[in-house]
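Undergrad: Let me begin by handing over the structure; questions about it come next.
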Amino acid sequence: MGSSHHFIVSKRSYSEFRQTTPMGARDRSTVGVFTPTAAALFVATGAGMFYYFQYEKQKLQEKKQKELESRSVGRAHVGGPFTLTTHNGKPFSDKDMLGKWNLVYFGFANCPDICPAELDKVGEIMKSLEFEYGQIFQPIFISVDPARDTTSHMKAYLADFHPRIIGLTGDYASTKSVCKAYRVYFSTPPNADPKGDYLVDHSIYVYLMDPNGKFVEAFGQNSTPEDVVERVKKEVGEWEKETGRKV
């Protein structure tokens, strides 16, 4: 009997052990994950990560803004408000330059050699850029000879150049104002004879203006079409990196 009694007690103890110990341990571990302290730590960690990413986002935005500002530092203050007339007789102002990259050249229709060569160069540049980017560029020819460069004269003259080039002309005061804004020298006197046979001395640059109408670069006679295209591509790439678009 003693032996039997010992077996029963041992069995009951083993049974009780199986029923309480594993389940109790499991219950305690389960409850332990969701203690108030753990929950508080979880919330605090989530909040910390949220503010960290917000901080990093702000830092990135500030960095982009500084890069944009640094690109503007040192650039000449070229360009400004103007109102002229196209070779088709329509009004055209600096507002019509917005939303496109502009290549601006100042010259006159009676120019014997330099202006035609520079306008041909602008045509080559446009052909290369349009092939890659489409029509996001606008070539502009601004007359420095208001006495002779009427809209009809400009229209006939520009027929030999790039088909999308826009010829602009105006009276003497308007011409002087836009030339001053673009820092262009020209020698035409205010009382020039419309029928006179004279030459006009003037600055020879092709100005690159960005889609916000801001000056980017001035290319002189020694700049080849390849030089200009390479620089323009670089500027378009920087613009796209900063704004997410090409114009």
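Note on naming: chains are A, B, ... as they come in the structure tokens, residues start from 1 per chain, ligands start from 1 in the order shown.
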Using only C-alpha atoms, what does the table of range 111-156 of chain A residues within 10 Å of range 89-92 of chain A look like, with each row giving the shortest atom pair and its distance in Å to one decimal, sorted by chain and ascending number, as a Markdown table?
TA:
```
| residue | atom | partner | partner_atom | distance |
| --- | --- | --- | --- | --- |
| A:Thr150 | CA | A:Gly89 | CA | 9.5 |
| A:Thr151 | CA | A:Gly89 | CA | 6.2 |
| A:Ser152 | CA | A:Gly89 | CA | 8.5 |
| A:Lys155 | CA | A:Gly89 | CA | 9.4 |
```
Undergrad: Using only C-alpha atoms, which residues sit within 7 Å of Val104 in chain A once same-chain residues fewer than 2 positions away are excluded, as a list in words?
TA: Asn102, Phe106, Pro139, Ile140, Phe141, Val206, Tyr207 and Leu208 of chain A
Undergrad: So which bits of range 119-177 of chain A end up helix (DSSP H, G or I) when you DSSP the backbone, as a list in words?
TA: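 Result set for range 119-177 of chain A (helix (DSSP H, G or I)): Leu119, Asp120, Lys121, Val122, Gly123, Glu124, Ile125, Met126, Lys127, Ser128, Leu129, Glu130, Phe131, Glu132, Tyr133, Thr151, Ser152, His153, Met154, Lys155, Ala156, Tyr157, Leu158, Tyr172, Ala173, Ser174, Thr175, Lys176 and Ser177 of chain A.
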Undergrad: Per residue of range 106-154 of chain A within 9 Å of range 220-243 of chain A, note the shortest atom pair and the distance in Å to one decimal, counting only C-alpha atoms, and order the rows by chain and increasing residue number, as CSV.
TA:
```
residue,atom,partner,partner_atom,distance
A:Ile114,CA,A:Gln221,CA,8.8
A:Glu118,CA,A:Gln221,CA,7.4
A:Lys121,CA,A:Pro225,CA,6.1
A:Val122,CA,A:Pro225,CA,7.5
A:Glu124,CA,A:Pro225,CA,6.5
A:Ile125,CA,A:Pro225,CA,5.4
A:Met126,CA,A:Val229,CA,8.6
A:Ser128,CA,A:Val229,CA,7.3
A:Leu129,CA,A:Val229,CA,6.9
```
